[in-house]
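Novice: Hey, dropping model-v1.cif in here, mmCIF, C-alpha atoms:
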```cif
data_upload
#
loop_
_atom_site.group_PDB
_atom_site.id
_atom_site.type_symbol
_atom_site.label_atom_id
_atom_site.label_comp_id
_atom_site.auth_asym_id
_atom_site.auth_seq_id
_atom_site.Cartn_x
_atom_site.Cartn_y
_atom_site.Cartn_z
ATOM 1 C CA MET A 1 52.583 78.117 21.529
ATOM 2 C CA ARG A 2 50.823 81.473 22.066
ATOM 3 C CA PRO A 3 53.051 84.584 21.938
ATOM 4 C CA PHE A 4 52.134 85.523 25.506
ATOM 5 C CA VAL A 5 53.218 82.105 26.747
ATOM 6 C CA LYS A 6 56.455 82.432 24.762
ATOM 7 C CA ALA A 7 57.104 85.811 26.362
ATOM 8 C CA LEU A 8 56.584 84.374 29.830
ATOM 9 C CA LEU A 9 58.879 81.482 29.006
ATOM 10 C CA VAL A 10 61.592 83.870 27.810
ATOM 11 C CA LEU A 11 61.177 85.906 30.979
ATOM 12 C CA PHE A 12 61.370 82.806 33.157
ATOM 13 C CA LEU A 13 64.522 81.595 31.402
ATOM 14 C CA ALA A 14 66.135 85.021 31.660
ATOM 15 C CA ALA A 15 65.291 85.152 35.371
ATOM 16 C CA LEU A 16 67.036 81.813 35.842
ATOM 17 C CA TRP A 17 69.964 82.593 33.553
ATOM 18 C CA LEU A 18 70.974 86.049 34.806
ATOM 19 C CA PRO A 19 71.636 85.051 38.453
ATOM 20 C CA LEU A 20 73.662 82.070 37.260
ATOM 21 C CA ALA A 21 75.657 84.391 35.029
ATOM 22 C CA ALA A 22 76.664 86.457 38.045
ATOM 23 C CA GLN A 23 78.154 83.320 39.642
ATOM 24 C CA SER A 24 80.014 82.262 36.515
ATOM 25 C CA SER A 25 83.787 82.690 36.377
ATOM 26 C CA ASP A 26 83.542 83.679 32.682
ATOM 27 C CA THR A 27 82.014 87.158 32.963
ATOM 28 C CA THR A 28 82.161 87.775 29.201
ATOM 29 C CA ALA A 29 79.724 84.956 28.377
ATOM 30 C CA VAL A 30 76.519 86.474 29.742
ATOM 31 C CA PRO A 31 75.396 89.831 31.129
ATOM 32 C CA SER A 32 76.050 90.593 34.777
ATOM 33 C CA VAL A 33 73.279 91.351 37.229
ATOM 34 C CA GLN A 34 75.502 93.557 39.356
ATOM 35 C CA ARG A 35 74.338 97.104 39.789
ATOM 36 C CA SER A 36 75.378 99.552 37.088
ATOM 37 C CA ALA A 37 75.590 102.289 39.707
ATOM 38 C CA PRO A 38 74.917 102.538 43.418
ATOM 39 C CA ALA A 39 71.278 103.024 44.265
ATOM 40 C CA ALA A 40 70.427 106.704 44.512
ATOM 41 C CA SER A 41 68.409 106.096 47.665
ATOM 42 C CA ASP A 42 65.971 103.788 49.324
ATOM 43 C CA HIS A 43 63.196 105.762 47.674
ATOM 44 C CA ALA A 44 59.830 103.950 47.585
ATOM 45 C CA TRP A 45 58.619 104.502 44.014
ATOM 46 C CA LYS A 46 55.027 105.497 43.391
ATOM 47 C CA ALA A 47 53.447 104.054 40.266
ATOM 48 C CA ASP A 48 53.186 107.440 38.587
ATOM 49 C CA GLU A 49 56.860 108.304 39.250
ATOM 50 C CA VAL A 50 58.563 105.446 37.415
ATOM 51 C CA PRO A 51 60.443 106.759 34.373
ATOM 52 C CA MET A 52 59.820 104.994 31.055
ATOM 53 C CA PRO A 53 62.902 105.225 28.800
ATOM 54 C CA HIS A 54 60.862 103.899 25.864
ATOM 55 C CA TYR A 55 59.272 107.333 25.449
ATOM 56 C CA LYS A 56 62.701 108.827 24.663
ATOM 57 C CA ASP A 57 64.265 105.828 22.896
ATOM 58 C CA ALA A 58 61.984 103.303 21.155
ATOM 59 C CA GLN A 59 64.636 100.576 21.578
ATOM 60 C CA ARG A 60 64.652 100.746 25.405
ATOM 61 C CA TRP A 61 62.067 98.752 27.355
ATOM 62 C CA THR A 62 63.799 98.580 30.755
ATOM 63 C CA SER A 63 63.245 101.153 33.491
ATOM 64 C CA ASN A 64 66.117 100.841 35.960
ATOM 65 C CA PRO A 65 66.181 104.117 37.918
ATOM 66 C CA ASP A 66 67.874 102.627 41.009
ATOM 67 C CA GLY A 67 70.632 100.911 39.014
ATOM 68 C CA VAL A 68 69.488 97.447 40.098
ATOM 69 C CA LEU A 69 70.613 95.932 36.773
ATOM 70 C CA SER A 70 73.949 96.309 35.009
ATOM 71 C CA ALA A 71 74.088 98.062 31.645
ATOM 72 C CA ALA A 72 74.735 94.673 30.007
ATOM 73 C CA ALA A 73 71.665 93.141 31.664
ATOM 74 C CA GLU A 74 69.545 96.109 30.540
ATOM 75 C CA ALA A 75 70.814 95.714 26.970
ATOM 76 C CA PHE A 76 70.074 91.980 27.055
ATOM 77 C CA ILE A 77 66.514 92.508 28.323
ATOM 78 C CA ASP A 78 65.932 95.295 25.804
ATOM 79 C CA SER A 79 67.117 93.026 22.971
ATOM 80 C CA ILE A 80 64.614 90.331 23.991
ATOM 81 C CA SER A 81 61.844 92.933 24.208
ATOM 82 C CA ASN A 82 62.784 94.399 20.807
ATOM 83 C CA ARG A 83 62.719 90.978 19.135
ATOM 84 C CA LEU A 84 59.325 90.228 20.637
ATOM 85 C CA TYR A 85 57.979 93.615 19.524
ATOM 86 C CA ALA A 86 59.332 93.110 15.991
ATOM 87 C CA LYS A 87 57.843 89.624 15.785
ATOM 88 C CA ASP A 88 54.249 90.266 16.848
ATOM 89 C CA GLY A 89 53.921 93.745 18.371
ATOM 90 C CA THR A 90 54.097 92.640 22.013
ATOM 91 C CA GLU A 91 55.358 95.408 24.277
ATOM 92 C CA MET A 92 57.265 93.746 27.130
ATOM 93 C CA VAL A 93 58.369 96.373 29.661
ATOM 94 C CA PHE A 94 60.664 95.697 32.638
ATOM 95 C CA VAL A 95 60.804 97.840 35.778
ATOM 96 C CA ALA A 96 63.657 97.233 38.236
ATOM 97 C CA VAL A 97 63.484 99.296 41.437
ATOM 98 C CA ASN A 98 64.590 98.704 45.016
ATOM 99 C CA HIS A 99 61.349 99.659 46.735
ATOM 100 C CA ILE A 100 57.756 100.361 45.759
ATOM 101 C CA ASP A 101 55.086 102.344 47.526
ATOM 102 C CA GLY A 102 52.292 99.924 48.410
ATOM 103 C CA ASP A 103 51.061 96.504 47.365
ATOM 104 C CA MET A 104 53.012 94.894 44.494
ATOM 105 C CA PHE A 105 49.943 93.826 42.512
ATOM 106 C CA GLU A 106 48.155 97.169 42.840
ATOM 107 C CA TRP A 107 51.369 99.055 42.108
ATOM 108 C CA GLY A 108 52.039 97.039 38.950
ATOM 109 C CA ARG A 109 48.461 97.467 37.814
ATOM 110 C CA ALA A 110 48.695 101.240 38.340
ATOM 111 C CA VAL A 111 51.931 101.414 36.290
ATOM 112 C CA PHE A 112 50.334 99.343 33.528
ATOM 113 C CA GLU A 113 47.179 101.469 33.486
ATOM 114 C CA LYS A 114 49.153 104.716 33.429
ATOM 115 C CA HIS A 115 51.337 103.739 30.472
ATOM 116 C CA LYS A 116 48.883 101.501 28.587
ATOM 117 C CA PHE A 117 51.483 99.010 27.320
ATOM 118 C CA GLY A 118 50.451 97.260 24.124
ATOM 119 C CA LYS A 119 48.191 98.463 21.339
ATOM 120 C CA ALA A 120 44.563 99.362 21.967
ATOM 121 C CA GLY A 121 42.255 96.440 21.251
ATOM 122 C CA GLU A 122 45.048 93.844 21.339
ATOM 123 C CA ASP A 123 46.288 91.741 24.247
ATOM 124 C CA ARG A 124 49.961 92.479 23.598
ATOM 125 C CA GLY A 125 51.245 94.326 26.672
ATOM 126 C CA LEU A 126 53.337 92.791 29.449
ATOM 127 C CA LEU A 127 54.831 94.459 32.519
ATOM 128 C CA VAL A 128 57.526 92.710 34.550
ATOM 129 C CA VAL A 129 58.435 94.233 37.926
#
```
Could you rewrite the structure in this file as structure tokens?
Specialist:
Amino acid sequence: MRPFVKALLVLFLAALWLPLAAQSSDTTAVPSVQRSAPAASDHAWKADEVPMPHYKDAQRWTSNPDGVLSAAAEAFIDSISNRLYAKDGTEMVFVAVNHIDGDMFEWGRAVFEKHKFGKAGEDRGLLVV
């Protein structure tokens, strides 16, 4: 299976698993998807405004400026991204915000183009919004 397909599969499974974890009575088993902090505002993020924690800490791949994800969910996502990066150099970046400014596809493309995820000349960058 190609690494990109594996990354999408991991993402799909995580997307299914995290909401189920929030419904589970055993909250220690899996990370919670409850907010880590109340949202600062209903700010509509522009593509060039989204902070990228990876620039300050190479182990962090999740941008969560509105506190959409819990700290445990961020750590879980970052661990998946770190394993993928260690395995084959794929940079899988997650952005979790309440609102965006504009069309989702164009916004995601603008974020990707601004930050240039992945190494030049390789198809190893993935942005999940």
Novice: Just to confirm, what's the straight-line distance from CA of Met104 (chain A) to CA of Gly67 (chain A) in Å (one decimal)?
Specialist: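 According to the coordinates, CA of Met104 (chain A) and CA of Gly67 (chain A) are separated by 19.4 Å.
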Novice: Quick one: apply the PyMOL selection byres ((chain A and resi 52-57) around 12) to the file and drop the selected residues here as a count of residues only.
Specialist: 30
Novice: Please tell me which residues are no farther than 6 Å from (50.2, 96.9, 20.5) in the file, counting only C-alpha atoms, and write them as a tab-separated table (two decimals) with C-alpha atoms, in the frame of the given file.
Specialist:
```tsv
chain	number	residue	atom	x	y	z
A	89	GLY	CA	53.92	93.74	18.37
A	90	THR	CA	54.10	92.64	22.01
A	118	GLY	CA	50.45	97.26	24.12
A	119	LYS	CA	48.19	98.46	21.34
A	124	ARG	CA	49.96	92.48	23.60
```
